[in-house]
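Student: Data file query_30.tsv (TSV, C-alpha atoms) is appended below.
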chain	number	residue	atom	x	y	z
A	5	ASN	CA	-8.28	14.57	7.62
A	6	LYS	CA	-9.26	11.20	9.06
A	7	SER	CA	-12.11	9.36	7.39
A	8	GLU	CA	-13.71	6.03	8.07
A	9	GLU	CA	-13.34	3.69	5.10
A	10	THR	CA	-14.62	0.23	4.30
A	11	PHE	CA	-13.25	-2.45	1.99
A	12	PRO	CA	-13.73	-6.20	1.50
A	13	SER	CA	-12.04	-8.76	3.70
A	14	SER	CA	-10.98	-12.06	2.17
A	15	ASP	CA	-14.29	-13.43	3.51
A	16	PRO	CA	-17.12	-12.20	1.25
A	17	SER	CA	-19.48	-12.12	4.23
A	18	CYS	CA	-17.44	-9.52	6.11
A	19	GLN	CA	-16.44	-5.96	5.27
A	20	LEU	CA	-13.45	-4.40	7.01
A	21	TYR	CA	-13.76	-0.93	8.54
A	22	GLY	CA	-10.87	1.36	9.33
A	23	ASP	CA	-9.51	4.88	9.39
A	24	LEU	CA	-7.57	6.50	6.58
A	25	THR	CA	-5.58	9.52	7.78
A	26	LEU	CA	-4.45	11.91	5.05
A	27	PRO	CA	-2.00	14.79	5.50
A	28	THR	CA	-3.46	18.28	5.69
A	29	SER	CA	-1.60	19.39	2.59
A	30	SER	CA	1.24	18.41	0.31
A	31	SER	CA	3.86	20.32	-1.67
A	32	ASP	CA	1.83	20.03	-4.87
A	33	GLY	CA	-1.59	20.55	-3.34
A	34	ASP	CA	-4.33	17.95	-3.18
A	35	SER	CA	-3.44	16.59	-6.63
A	36	ALA	CA	-0.14	15.10	-5.42
A	37	LEU	CA	-0.07	11.34	-5.00
A	38	LEU	CA	0.85	10.30	-1.48
A	39	PRO	CA	2.81	7.36	-0.10
A	40	ALA	CA	0.87	5.26	2.39
A	41	ILE	CA	1.55	3.18	5.48
A	42	VAL	CA	-0.73	0.19	6.13
A	43	ILE	CA	-0.73	-0.88	9.78
A	44	VAL	CA	-0.87	-4.63	10.46
A	45	ALA	CA	-1.93	-5.11	14.07
A	46	GLY	CA	-0.55	-7.27	16.85
A	47	SER	CA	-2.18	-10.46	18.11
A	48	GLY	CA	-5.60	-10.72	19.67
A	49	PRO	CA	-8.95	-9.04	18.96
A	50	VAL	CA	-7.39	-5.67	18.16
A	51	ASP	CA	-9.15	-2.72	16.56
A	52	ARG	CA	-7.95	0.09	14.29
A	53	ASN	CA	-6.62	2.06	17.28
A	54	GLY	CA	-4.53	-0.76	18.73
A	55	ASN	CA	-7.08	-1.48	21.46
A	56	ALA	CA	-8.79	-4.73	22.47
A	57	PRO	CA	-12.20	-3.39	23.55
A	58	GLY	CA	-13.60	-6.81	24.39
A	59	MET	CA	-10.73	-7.37	26.82
A	60	GLY	CA	-10.75	-3.87	28.32
A	61	LEU	CA	-7.28	-3.06	26.95
A	62	ASN	CA	-6.87	0.46	25.56
A	63	PHE	CA	-3.35	1.25	24.38
A	64	ASN	CA	-4.14	3.58	21.43
A	65	ILE	CA	-0.91	2.62	19.67
A	66	TYR	CA	-2.01	2.90	16.05
A	67	ASN	CA	-4.15	6.01	16.22
A	68	GLN	CA	-1.31	7.79	18.06
A	69	PHE	CA	1.13	6.70	15.36
A	70	ALA	CA	-1.20	7.96	12.61
A	71	GLN	CA	-1.58	11.27	14.44
A	72	HIS	CA	2.20	11.68	14.68
A	73	ILE	CA	2.56	11.10	10.93
A	74	HIS	CA	-0.29	13.53	10.26
A	75	ASP	CA	1.09	16.20	12.60
A	76	LYS	CA	4.62	16.23	11.16
A	77	PRO	CA	4.87	19.63	9.45
A	78	SER	CA	6.40	18.07	6.35
A	79	PHE	CA	8.64	15.30	5.17
A	80	ASP	CA	11.53	16.28	2.92
A	81	THR	CA	10.94	15.75	-0.78
A	82	ASN	CA	13.71	14.64	-3.12
A	83	ASP	CA	14.40	18.17	-4.32
A	84	GLY	CA	15.19	19.31	-0.80
A	85	GLY	CA	11.87	21.09	-0.38
A	86	GLY	CA	9.29	20.40	2.26
A	87	GLY	CA	5.66	19.45	2.04
A	88	GLY	CA	5.74	15.70	1.53
A	89	GLY	CA	2.98	13.90	3.44
A	90	ILE	CA	2.07	10.28	4.17
A	91	ALA	CA	-1.32	8.59	4.41
A	92	VAL	CA	-1.94	5.98	7.13
A	93	LEU	CA	-4.53	3.17	7.08
A	94	SER	CA	-5.46	1.14	10.14
A	95	TYR	CA	-8.45	-1.16	10.37
A	96	ASP	CA	-10.50	-3.31	12.72
A	97	LYS	CA	-9.64	-6.97	12.40
A	98	ARG	CA	-12.40	-9.30	11.29
A	99	GLY	CA	-14.75	-9.92	14.20
A	100	VAL	CA	-13.56	-6.77	16.03
A	101	GLY	CA	-15.17	-3.32	16.21
A	102	LYS	CA	-17.26	-2.63	13.10
A	103	SER	CA	-15.66	-5.41	11.01
A	104	GLN	CA	-18.41	-7.95	11.63
A	105	PRO	CA	-19.85	-10.71	9.42
A	106	ILE	CA	-23.33	-10.48	7.97
A	107	LEU	CA	-24.46	-13.39	10.15
A	108	LYS	CA	-23.57	-12.73	13.78
A	109	ASP	CA	-21.14	-15.22	15.29
A	110	LYS	CA	-19.66	-14.58	18.74
A	111	ASN	CA	-16.78	-16.94	17.92
A	112	TYR	CA	-16.02	-15.42	14.51
A	113	PHE	CA	-12.70	-13.85	15.45
A	114	TYR	CA	-11.47	-17.03	17.17
A	115	LYS	CA	-12.09	-19.08	14.02
A	116	LEU	CA	-9.61	-17.03	12.00
A	117	GLY	CA	-6.22	-18.40	11.02
A	118	MET	CA	-2.94	-16.61	10.50
A	119	MET	CA	-3.41	-16.76	6.72
A	120	ASP	CA	-6.81	-15.07	7.07
A	121	LEU	CA	-5.01	-12.13	8.69
A	122	VAL	CA	-2.48	-12.12	5.85
A	123	ALA	CA	-5.25	-12.15	3.25
A	124	ASP	CA	-7.05	-9.25	4.94
A	125	ALA	CA	-3.84	-7.21	5.01
A	126	VAL	CA	-3.51	-7.80	1.26
A	127	GLU	CA	-7.04	-6.44	0.85
A	128	ALA	CA	-5.96	-3.36	2.79
A	129	VAL	CA	-3.02	-2.92	0.40
A	130	LYS	CA	-5.40	-3.25	-2.56
A	131	PHE	CA	-7.62	-0.56	-1.07
A	132	VAL	CA	-4.86	2.02	-0.66
A	133	ALA	CA	-3.26	1.11	-4.01
A	134	ASN	CA	-6.55	1.96	-5.75
A	135	HIS	CA	-7.24	5.12	-3.76
A	136	PRO	CA	-7.13	8.23	-5.96
A	137	ARG	CA	-4.79	10.07	-3.54
A	138	ILE	CA	-2.30	7.21	-3.05
A	139	ASP	CA	0.86	6.42	-5.01
A	140	LYS	CA	0.66	2.65	-5.52
A	141	ASN	CA	4.44	2.49	-5.94
A	142	ARG	CA	5.08	3.82	-2.43
A	143	ILE	CA	3.17	1.59	-0.03
A	144	ILE	CA	4.78	0.69	3.31
A	145	LEU	CA	3.69	-2.12	5.63
A	146	LEU	CA	4.00	-1.46	9.36
A	147	GLY	CA	3.69	-4.60	11.45
A	148	HIS	CA	3.50	-4.50	15.23
A	149	SER	CA	4.17	-7.68	17.23
A	150	GLU	CA	2.32	-10.46	15.35
A	151	GLY	CA	1.87	-8.00	12.50
A	152	ALA	CA	5.66	-7.87	12.17
A	153	ILE	CA	5.84	-11.67	12.09
A	154	ILE	CA	3.50	-11.98	9.10
A	155	LEU	CA	4.88	-9.09	7.00
A	156	PRO	CA	6.95	-11.42	4.75
A	157	LEU	CA	3.83	-13.39	3.84
A	158	ILE	CA	1.97	-10.21	2.95
A	159	CYS	CA	4.90	-9.17	0.75
A	160	ARG	CA	4.74	-12.56	-0.98
A	161	GLU	CA	1.01	-12.35	-1.64
A	162	VAL	CA	1.20	-8.78	-2.93
A	163	THR	CA	4.02	-9.73	-5.32
A	164	ASN	CA	1.84	-12.52	-6.72
A	165	ILE	CA	-0.91	-10.08	-7.71
A	166	THR	CA	-0.22	-8.58	-11.12
A	167	ALA	CA	-2.27	-5.45	-10.50
A	168	LEU	CA	-0.21	-4.50	-7.45
A	169	GLN	CA	3.30	-3.10	-7.22
A	170	PRO	CA	5.76	-4.75	-4.81
A	171	ILE	CA	5.78	-3.38	-1.29
A	172	ALA	CA	8.18	-0.42	-1.04
A	173	GLY	CA	9.14	-0.90	2.60
A	174	CYS	CA	8.50	-2.85	5.78
A	175	ILE	CA	8.55	-1.47	9.32
A	176	PHE	CA	8.92	-4.13	12.02
A	177	TYR	CA	7.89	-2.85	15.45
A	178	SER	CA	8.30	-5.10	18.54
A	179	GLY	CA	9.34	-8.24	16.71
A	180	PHE	CA	11.76	-9.19	13.96
A	181	GLY	CA	12.97	-12.61	12.83
A	182	GLU	CA	11.16	-14.60	15.51
A	183	ASN	CA	8.03	-16.71	15.13
A	184	LEU	CA	5.10	-16.78	17.53
A	185	ILE	CA	5.93	-20.19	19.00
A	186	ASP	CA	9.49	-19.16	19.88
A	187	ALA	CA	8.21	-15.91	21.39
A	188	MET	CA	5.79	-17.86	23.59
A	189	ALA	CA	8.65	-20.13	24.73
A	190	LEU	CA	10.73	-17.07	25.58
A	191	GLN	CA	7.89	-15.69	27.69
A	192	ARG	CA	7.57	-18.95	29.65
A	193	THR	CA	11.30	-18.99	30.34
A	194	THR	CA	11.32	-15.33	31.35
A	195	LEU	CA	8.40	-15.83	33.74
A	196	ALA	CA	9.98	-18.90	35.36
A	197	ASN	CA	13.30	-17.08	35.80
A	198	GLU	CA	11.62	-14.08	37.42
A	199	VAL	CA	9.83	-16.30	39.91
A	200	GLN	CA	13.12	-17.93	40.92
A	201	THR	CA	14.45	-14.61	42.23
A	202	MET	CA	11.23	-13.30	43.75
A	203	PRO	CA	11.65	-12.66	47.49
A	204	GLY	CA	9.33	-13.31	50.42
A	205	PRO	CA	6.39	-15.66	50.95
A	206	THR	CA	4.89	-14.82	47.54
A	207	GLY	CA	8.09	-15.93	45.82
A	208	TRP	CA	8.17	-19.13	47.86
A	209	ILE	CA	4.62	-20.01	46.79
A	210	LEU	CA	5.08	-19.07	43.13
A	211	ARG	CA	8.29	-21.09	42.84
A	212	ARG	CA	6.16	-24.15	43.48
A	213	LEU	CA	3.35	-23.14	41.12
A	214	LEU	CA	5.19	-21.55	38.18
A	215	THR	CA	8.14	-23.77	37.45
A	216	LYS	CA	9.46	-24.01	33.90
A	217	GLU	CA	8.36	-27.66	33.81
A	218	LYS	CA	4.80	-26.83	34.84
A	219	LEU	CA	4.55	-23.94	32.40
A	220	ASP	CA	5.84	-26.15	29.57
A	221	LYS	CA	3.40	-28.94	30.50
A	222	LYS	CA	0.49	-26.48	30.45
A	223	TYR	CA	1.60	-25.36	26.98
A	224	ASP	CA	1.97	-28.97	25.78
A	225	ASP	CA	-1.52	-29.83	27.04
A	226	PHE	CA	-2.88	-26.79	25.22
A	227	MET	CA	-1.14	-27.82	21.99
A	228	LYS	CA	-2.67	-31.30	22.24
A	229	GLN	CA	-6.09	-29.65	22.09
A	230	VAL	CA	-4.99	-27.40	19.24
A	231	ASN	CA	-3.64	-30.35	17.23
A	232	ASP	CA	-6.57	-32.67	17.89
A	233	ASP	CA	-7.48	-34.92	14.97
A	234	ASP	CA	-10.66	-32.88	14.44
A	235	GLU	CA	-8.54	-29.75	13.81
A	236	PRO	CA	-10.81	-27.36	15.76
A	237	ASP	CA	-10.95	-23.71	14.69
A	238	PHE	CA	-10.67	-22.68	18.34
A	239	VAL	CA	-10.43	-24.29	21.77
A	240	SER	CA	-12.12	-23.35	25.03
A	241	LEU	CA	-10.13	-23.19	28.26
A	242	GLN	CA	-10.96	-22.60	31.93
A	243	CYS	CA	-14.41	-24.16	31.72
A	244	GLY	CA	-15.23	-22.25	28.54
A	245	LEU	CA	-14.38	-18.83	29.97
A	246	VAL	CA	-11.36	-18.35	27.70
A	247	LYS	CA	-11.16	-19.02	23.96
A	248	GLN	CA	-7.98	-19.47	21.95
A	249	PRO	CA	-7.82	-19.62	18.11
A	250	ALA	CA	-6.52	-23.12	17.34
A	251	LYS	CA	-6.33	-22.77	13.55
A	252	TRP	CA	-4.29	-19.61	14.07
A	253	ILE	CA	-1.82	-21.39	16.38
A	254	ARG	CA	-1.43	-24.35	14.00
A	255	GLU	CA	-0.62	-22.06	11.08
A	256	HIS	CA	1.91	-20.11	13.14
A	257	ALA	CA	3.52	-23.37	14.28
A	258	SER	CA	4.08	-24.45	10.67
A	259	TYR	CA	5.37	-21.04	9.56
A	260	ASN	CA	9.12	-20.61	9.00
A	261	VAL	CA	9.56	-16.88	9.48
A	262	GLU	CA	13.30	-16.85	8.75
A	263	GLU	CA	12.77	-18.58	5.42
A	264	ALA	CA	9.94	-16.18	4.55
A	265	LEU	CA	12.05	-13.14	5.42
A	266	SER	CA	14.90	-14.42	3.28
A	267	LYS	CA	12.72	-15.26	0.27
A	268	HIS	CA	10.03	-12.62	0.18
A	269	VAL	CA	11.40	-9.38	1.65
A	270	THR	CA	13.24	-7.39	-1.01
A	271	CYS	CA	12.17	-3.89	0.01
A	272	HIS	CA	13.65	-1.34	2.40
A	273	CYS	CA	13.34	-2.47	6.04
A	274	LEU	CA	13.24	-0.76	9.43
A	275	ALA	CA	13.22	-2.94	12.57
A	276	ILE	CA	12.79	-1.56	16.10
A	277	THR	CA	12.52	-3.73	19.21
A	278	GLY	CA	13.20	-2.31	22.66
A	279	GLN	CA	15.55	-3.74	25.25
A	280	LYS	CA	12.72	-3.70	27.81
A	281	ASP	CA	10.44	-5.78	25.60
A	282	PHE	CA	10.15	-9.15	27.37
A	283	GLN	CA	7.62	-10.53	24.88
A	284	VAL	CA	10.09	-10.92	22.00
A	285	ARG	CA	13.86	-10.99	21.51
A	286	ASN	CA	15.56	-7.72	20.73
A	287	GLU	CA	18.86	-9.44	19.85
A	288	PHE	CA	17.69	-9.91	16.26
A	289	CYS	CA	17.71	-6.13	15.83
A	290	THR	CA	21.45	-5.99	15.27
A	291	ARG	CA	23.00	-5.14	11.94
A	292	GLY	CA	24.76	-8.49	11.54
A	293	LYS	CA	21.71	-10.61	12.36
A	294	ALA	CA	19.40	-8.40	10.29
A	295	SER	CA	21.65	-8.81	7.24
A	296	GLU	CA	21.32	-12.59	7.64
A	297	LEU	CA	17.54	-12.44	8.06
A	298	VAL	CA	16.80	-10.20	5.07
A	299	PRO	CA	19.73	-10.76	2.67
A	300	ASN	CA	17.70	-9.56	-0.33
A	301	ALA	CA	16.38	-6.36	1.26
A	302	ALA	CA	17.04	-3.10	-0.58
A	303	SER	CA	18.30	-1.75	2.75
A	304	VAL	CA	17.93	-2.57	6.43
A	305	GLU	CA	18.06	-0.33	9.47
A	306	VAL	CA	17.81	-1.67	13.03
A	307	HIS	CA	17.40	-0.10	16.48
A	308	ARG	CA	17.17	-1.41	20.06
A	309	PRO	CA	16.11	1.55	22.22
A	310	VAL	CA	17.26	1.00	25.80
A	311	ASN	CA	13.98	1.75	27.61
A	312	LEU	CA	11.44	0.77	24.93
A	313	THR	CA	8.74	-1.80	25.75
A	314	HIS	CA	6.40	-3.92	23.62
A	315	LEU	CA	3.75	-1.19	23.77
A	316	LEU	CA	6.11	1.28	22.06
A	317	ARG	CA	6.37	3.33	25.22
A	318	SER	CA	9.50	3.77	27.31
A	319	MET	CA	9.75	2.98	31.01
A	320	GLU	CA	12.27	3.56	33.76
A	321	GLY	CA	13.26	0.72	36.05
A	322	GLU	CA	13.20	-3.01	35.42
A	323	ALA	CA	10.62	-4.51	33.06
A	324	LYS	CA	9.14	-7.71	34.48
A	325	MET	CA	6.47	-10.08	33.21
A	326	MET	CA	5.10	-10.43	36.74
A	327	ASN	CA	4.32	-6.70	36.70
A	328	MET	CA	2.99	-6.66	33.14
A	329	LYS	CA	-0.67	-5.96	33.92
A	330	LYS	CA	0.15	-3.04	36.26
A	331	ASP	CA	2.95	-1.61	34.11
A	332	TYR	CA	1.00	-1.86	30.86
A	333	LYS	CA	-1.97	-0.11	32.44
A	334	GLU	CA	0.30	2.76	33.49
A	335	MET	CA	2.07	2.86	30.11
A	336	SER	CA	-1.24	3.10	28.27
A	337	LYS	CA	-1.50	6.64	29.68
A	338	LEU	CA	1.84	7.63	28.15
A	339	PRO	CA	2.36	9.00	24.62
A	340	PHE	CA	3.84	6.97	21.78
A	341	ASP	CA	7.62	6.83	22.24
A	342	LYS	CA	9.37	9.90	20.79
A	343	GLU	CA	12.56	8.04	19.86
A	344	VAL	CA	10.57	5.56	17.76
A	345	VAL	CA	8.71	8.44	16.09
A	346	ASP	CA	11.94	10.28	15.25
A	347	ILE	CA	13.61	7.14	13.88
A	348	THR	CA	10.56	6.41	11.73
A	349	TYR	CA	10.38	10.00	10.46
A	350	ALA	CA	14.01	9.86	9.30
A	351	TRP	CA	13.58	6.46	7.66
A	352	CYS	CA	10.45	7.62	5.80
A	353	ASP	CA	12.34	10.68	4.57
A	354	ARG	CA	15.02	8.43	3.10
A	355	VAL	CA	12.84	5.64	1.71
A	356	LEU	CA	9.74	7.50	0.55
A	357	PHE	CA	11.19	10.86	-0.40
A	358	GLU	CA	14.72	9.78	-1.43
A	359	LYS	CA	16.44	12.02	1.08
A	360	GLN	CA	20.06	10.95	1.66
A	361	GLN	CA	21.01	10.67	5.33
Output the file's structure as structure tokens, nothing else.

Tutor:
Amino acid sequence: NKSEETFPSSDPSCQLYGDLTLPTSSSDGDSALLPAIVIVAGSGPVDRNGNAPGMGLNFNIYNQFAQHIHDKPSFDTNDGGGGGGIAVLSYDKRGVGKSQPILKDKNYFYKLGMMDLVADAVEAVKFVANHPRIDKNRIILLGHSEGAIILPLICREVTNITALQPIAGCIFYSGFGENLIDAMALQRTTLANEVQTMPGPTGWILRRLLTKEKLDKKYDDFMKQVNDDDEPDFVSLQCGLVKQPAKWIREHASYNVEEALSKHVTCHCLAITGQKDFQVRNEFCTRGKASELVPNAASVEVHRPVNLTHLLRSMEGEAKMMNMKKDYKEMSKLPFDKEVVDITYAWCDRVLFEKQQ
């Protein structure tokens, strides 16, 4: 029940490709209209599965999530019966996987801005809203990491399109109420603090190389390139070996995520950030803070699973940035976190099928 689909990006020269996963059956047979979840991916050149093939990173976050939704025997419908199902759409970002421009450009992805990603997500919403099996009144956005940061902007753009219904719900995974620039600052601080307590000769050396001051200076030098008067689309680092999207960074730097959440999110919300996620703050996933961030939301539910990491897998032991490459490689072999799945199932029952908890 998974089919490859294609739909326009906001750039006429590039079609987006993705997977639409439909439930095996529904309570009313194939004629029943289904709610849908549109996955908005995290940062970097990420494909429909949650992998970054060009960087050799294979986490399979989004295809595992879609499979969990597909495999659930049934969600509870509002009459207490079973059989409700949910469709899931995930897609390759522009410049990743099969979502390539007509004219080949090896730097295409790195020229994209944050608002290009927002516009493409709106196109994904348009696609599912016009699909003959989808109920356009029950579309959920699921944002992971950067995807969670930009959800309010997608909600705003969808609301401004007369032909579309407002978004019914937002799921924020691994990030809620924090912008990209603040998350990057948190990561620098976390790394510097870890180095300060690292034992042995390695710790001694790193304490001289990775001080907070040196990390901040490296970031400031990078931002000078990003904010050059020529406003480059991307910048090259390490003698051209590494590219970073400059337009994307500038747009994130000017984005007030708290204001956007307050103004543009009026739907039901679910926010989950783990306590072993060192890439973003989990403190915003408290009921009091969430009520401040989304005061106009129809409802808000928050969770901070004790062992959950940014990859939506759980780990035992201490989560450290210095061990990120090794730990993430090991976690990529693990299944999608069961606690997150169960929380999401229950929330979908309540929001999409009107089941009272």

Student: Find the residues near Pro339 (chain A): any atom within 10 Å, counting all atoms listed in the file, skip ones fewer than 6 places away on the same chain, and give them as a VMD selection string.

Tutor: chain A and resid 63 to 65 68 to 69 316 to 318

Student: Mind listing as a PyMOL selection string all residues within 10 Å of (13.7, -14.6, 12.6), counting all atoms listed in the file?

Tutor: chain A and resi 153+179-183+186+260-266+285+288-289+293-294+296-298

Student: Using only C-alpha atoms, which of A:Leu312, A:Cys174, A:Ile347, A:Ile73 sits nearest Pro156 (chain A)?

Tutor: A:Cys174

Student: Smallest atom-to-atom distance to Ala301 (chain A): which of A:Val269, A:Ile43, A:Ala187, A:Ala196, using only C-alpha atoms?

Tutor: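 Residue with the minimum atom-to-atom distance to Ala301 (chain A): A:Val269.
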
Student: Of the candidates A:Phe11, A:Phe238, A:Phe176, A:Trp252, which shows the shortest atom-to-atom distance to Glu127 (chain A), using only C-alpha atoms?

Tutor: A:Phe11

Student: Could you check which residues have any atom within 12 Å of (-1.7, -1.7, 19.0), counting all atoms listed in the file with coordinates taken straight from the file, and then list them as a PDB file with C-alpha atoms, in the frame of the given file?

Tutor:
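Saved as out-v4.pdb:
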ATOM      1  CA  ILE A  43      -0.730  -0.880   9.780  1.00  0.00           C
ATOM      2  CA  VAL A  44      -0.870  -4.630  10.460  1.00  0.00           C
ATOM      3  CA  ALA A  45      -1.930  -5.110  14.070  1.00  0.00           C
ATOM      4  CA  GLY A  46      -0.550  -7.270  16.850  1.00  0.00           C
ATOM      5  CA  SER A  47      -2.180 -10.460  18.110  1.00  0.00           C
ATOM      6  CA  GLY A  48      -5.600 -10.720  19.670  1.00  0.00           C
ATOM      7  CA  PRO A  49      -8.950  -9.040  18.960  1.00  0.00           C
ATOM      8  CA  VAL A  50      -7.390  -5.670  18.160  1.00  0.00           C
ATOM      9  CA  ASP A  51      -9.150  -2.720  16.560  1.00  0.00           C
ATOM     10  CA  ARG A  52      -7.950   0.090  14.290  1.00  0.00           C
ATOM     11  CA  ASN A  53      -6.620   2.060  17.280  1.00  0.00           C
ATOM     12  CA  GLY A  54      -4.530  -0.760  18.730  1.00  0.00           C
ATOM     13  CA  ASN A  55      -7.080  -1.480  21.460  1.00  0.00           C
ATOM     14  CA  ALA A  56      -8.790  -4.730  22.470  1.00  0.00           C
ATOM     15  CA  PRO A  57     -12.200  -3.390  23.550  1.00  0.00           C
ATOM     16  CA  LEU A  61      -7.280  -3.060  26.950  1.00  0.00           C
ATOM     17  CA  ASN A  62      -6.870   0.460  25.560  1.00  0.00           C
ATOM     18  CA  PHE A  63      -3.350   1.250  24.380  1.00  0.00           C
ATOM     19  CA  ASN A  64      -4.140   3.580  21.430  1.00  0.00           C
ATOM     20  CA  ILE A  65      -0.910   2.620  19.670  1.00  0.00           C
ATOM     21  CA  TYR A  66      -2.010   2.900  16.050  1.00  0.00           C
ATOM     22  CA  ASN A  67      -4.150   6.010  16.220  1.00  0.00           C
ATOM     23  CA  GLN A  68      -1.310   7.790  18.060  1.00  0.00           C
ATOM     24  CA  PHE A  69       1.130   6.700  15.360  1.00  0.00           C
ATOM     25  CA  ALA A  70      -1.200   7.960  12.610  1.00  0.00           C
ATOM     26  CA  SER A  94      -5.460   1.140  10.140  1.00  0.00           C
ATOM     27  CA  TYR A  95      -8.450  -1.160  10.370  1.00  0.00           C
ATOM     28  CA  ASP A  96     -10.500  -3.310  12.720  1.00  0.00           C
ATOM     29  CA  LYS A  97      -9.640  -6.970  12.400  1.00  0.00           C
ATOM     30  CA  LEU A 146       4.000  -1.460   9.360  1.00  0.00           C
ATOM     31  CA  GLY A 147       3.690  -4.600  11.450  1.00  0.00           C
ATOM     32  CA  HIS A 148       3.500  -4.500  15.230  1.00  0.00           C
ATOM     33  CA  SER A 149       4.170  -7.680  17.230  1.00  0.00           C
ATOM     34  CA  GLU A 150       2.320 -10.460  15.350  1.00  0.00           C
ATOM     35  CA  GLY A 151       1.870  -8.000  12.500  1.00  0.00           C
ATOM     36  CA  ALA A 152       5.660  -7.870  12.170  1.00  0.00           C
ATOM     37  CA  TYR A 177       7.890  -2.850  15.450  1.00  0.00           C
ATOM     38  CA  SER A 178       8.300  -5.100  18.540  1.00  0.00           C
ATOM     39  CA  HIS A 314       6.400  -3.920  23.620  1.00  0.00           C
ATOM     40  CA  LEU A 315       3.750  -1.190  23.770  1.00  0.00           C
ATOM     41  CA  LEU A 316       6.110   1.280  22.060  1.00  0.00           C
ATOM     42  CA  ARG A 317       6.370   3.330  25.220  1.00  0.00           C
ATOM     43  CA  SER A 336      -1.240   3.100  28.270  1.00  0.00           C
ATOM     44  CA  PHE A 340       3.840   6.970  21.780  1.00  0.00           C
TER      45      PHE A 340
END

Student: Hey, can you check how far CA of Leu214 (chain A) sits from CA of Phe226 (chain A)?

Tutor: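 We find that CA of Leu214 (chain A) and CA of Phe226 (chain A) lie 16.1 Å from each other.
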
Student: Using all atoms listed in the file, which residue out of A:Ile41, A:Val246, A:Leu184, A:Ile158 lies closest to Ile144 (chain A)?

Tutor: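 Result for the nearest residue to Ile144 (chain A): A:Ile41.
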
Student: Between A:Ser258, A:Gln169, A:Thr215, A:Asn311, which has the minimum distance to Cys271 (chain A) (counting only C-alpha atoms)?

Tutor: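 Among the listed residues, the smallest separation from Cys271 (chain A) belongs to A:Gln169.
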
Student: For Leu210 (chain A), find every residue with an atom within 12 Å (counting all atoms listed in the file), except residues of its own chain fewer than 3 positions away, and show them as a list in words.

Tutor: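 Listing them by chain and then by number gives Leu195, Ala196, Asn197, Glu198, Val199, Gln200, Thr201, Met202, Pro203, Gly204, Pro205, Thr206, Gly207, Leu213, Leu214, Thr215, Lys216, Lys218, Leu219 and Met326 of chain A.
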
Student: So which one's closest to Asp331 (chain A), A:Val239, A:Met319, A:Cys18, A:Cys159? Using only C-alpha atoms, please.

Tutor: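 Between A:Val239, A:Met319, A:Cys18, A:Cys159, the residue approaching Asp331 (chain A) most closely is A:Met319.
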
Student: Just give me the gap between CA of Glu305 (chain A) and CA of Val355 (chain A) in Å, one decimal is fine.

Tutor: 11.1 Å
